[in-house]
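Report on one structure; see the data block that follows.
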Amino acid sequence: MAEADWHAIVLSWNGREDTERCLDALEQVDEPPVRIVCVDNGSTDGSVEAVRDHHPDTHLIENGRNLGFAGGCNVGIRWALAQGAEWVVLVNNDAVIGPDAVAAFAAAAEQRPTAGVLAGKLYLADRPDRIWYAGQRVLAWLGYSGRHRGEGRPDGPRYDRLSPTDRANGALMAISRATIESVGMFDEELFAYVEDVDYSLRARAAGFEVLFVPSARAWHRVGASSAAAAHNSYYGTRNMVVVCERHRPLPPPLSWLRRGVILMTFAAYALGQPNRGAALAAVRAGYRDARAGRMGPRP
């Protein structure tokens, strides 16, 4: 493939050490050739300077402000497409990609030409033999998708099969140019969280396969701070309500029942966090804003 066929996009926002580890790993990818793009969402911790000084071959885009995951990734995707990219690989800045991950994506794309979105296998960075994501179901009619497939379990043969999955995970996923031209970009109103679910559902509705590619691997440092929990609780609650109602509208009584399922699911998550008071308040705020139609960044 030509050099411009595969572009890897790393979104950075005040995570300098994570971003440098992520870029270091991407620089070890040898086949196929990959153009690395780092999109910075207005970091104030020296991330921009570190990328510029230590990773001169990485194309750096400075947004100057936090556009969220969706908006930041879209900036990188647009640049990559303008350079002739046929596939874009999204890698969380707190994930370390395996050196053969992009080659695994390329092999899967060649094997399954109807695939438009490819999902990698994610392990826990602090328990590198344990899976964090190996595919996931999405029950939009119910408002519940449950845990990631294999979450917390040792890797094994059951997680080694190339197979369809309901949704890819934005920490490591690849999207084809054809899919983007048909489906569009990430929904920037969602800002952060659940945008990968929304995109996967949109791609499948347009006739593209979403495939789990087990040999495309990365190790993800899953956020565990109370601030991350509140962030996740707010956007997860709000965006899950919005995305489910967008893709699977239901009559009012059933829609209210589904909202209740979403609310209880995220409340249960919040109760298990170190600062459960802040996380529960974030769930309530997310639910309130979903009902009011308030989107974009959290006020």
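Lettering and numbering for the structure tokens are positional, with chains as A, B, ... in the shown order, residues counted from 1 in each chain, and ligands counted from 1 in the shown order.
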
- Residue neighbourhood A:Met185, 12 Å, only C-alpha atoms, exclusion window fewer than 3 positions, as a PyMOL selection string: chain A and resi 69-78+81+88+175-182+188-190+195-196+198-200+202-203

- Run DSSP on the backbone and give me the residues of stretch 141-174 of chain A it puts in strand (DSSP E), as a ChimeraX atom specification. /A:163-164,172-174

If you keep N, CA and C atoms, can you produce a file of those selected residues as a tab-separated table (two decimals), in the first residue's frame?
chain	number	residue	atom	x	y	z
A	163	SER	N	-14.48	-11.64	14.09
A	163	SER	CA	-15.93	-11.81	14.18
A	163	SER	C	-16.64	-10.46	14.21
A	164	PRO	N	-17.90	-10.43	13.78
A	164	PRO	CA	-18.67	-9.18	13.89
A	164	PRO	C	-18.89	-8.80	15.35
A	172	LEU	N	-9.15	1.95	20.36
A	172	LEU	CA	-8.39	1.36	19.24
A	172	LEU	C	-9.39	0.89	18.19
A	173	MET	N	-9.57	1.69	17.17
A	173	MET	CA	-10.48	1.33	16.08
A	173	MET	C	-9.99	1.94	14.78
A	174	ALA	N	-10.34	1.30	13.67
A	174	ALA	CA	-9.98	1.79	12.35
A	174	ALA	C	-11.25	2.00	11.54

- Item | Residues near stretch 278-281 of chain A, cut-off 12 Å, only C-alpha atoms, skip fewer than 3 positions along chain, as a PyMOL selection string | chain A and resi 225-237+263-275+284-288

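For A:Leu139, the set of protein, DNA and RNA residues having any atom at most 10 Å away, when counting only C-alpha atoms and skipping those fewer than 3 positions along the same chain, is Gln136, Leu142, Gly143, Tyr144, Ser145, Gly146, Asp166, Cys244 and Arg248 of chain A.
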
Can you build me a table of stretch 141-249 of chain A residues sitting at most 10 Å from stretch 22-46 of chain A, with the closest atom pair per residue and its distance in Å to one decimal, using only C-alpha atoms, sorted by chain and residue number, as a tab-separated table?
residue	atom	partner	partner_atom	distance
A:Ala218	CA	A:Ala25	CA	9.6
A:Trp219	CA	A:Cys22	CA	9.9
A:His220	CA	A:Cys22	CA	9.9
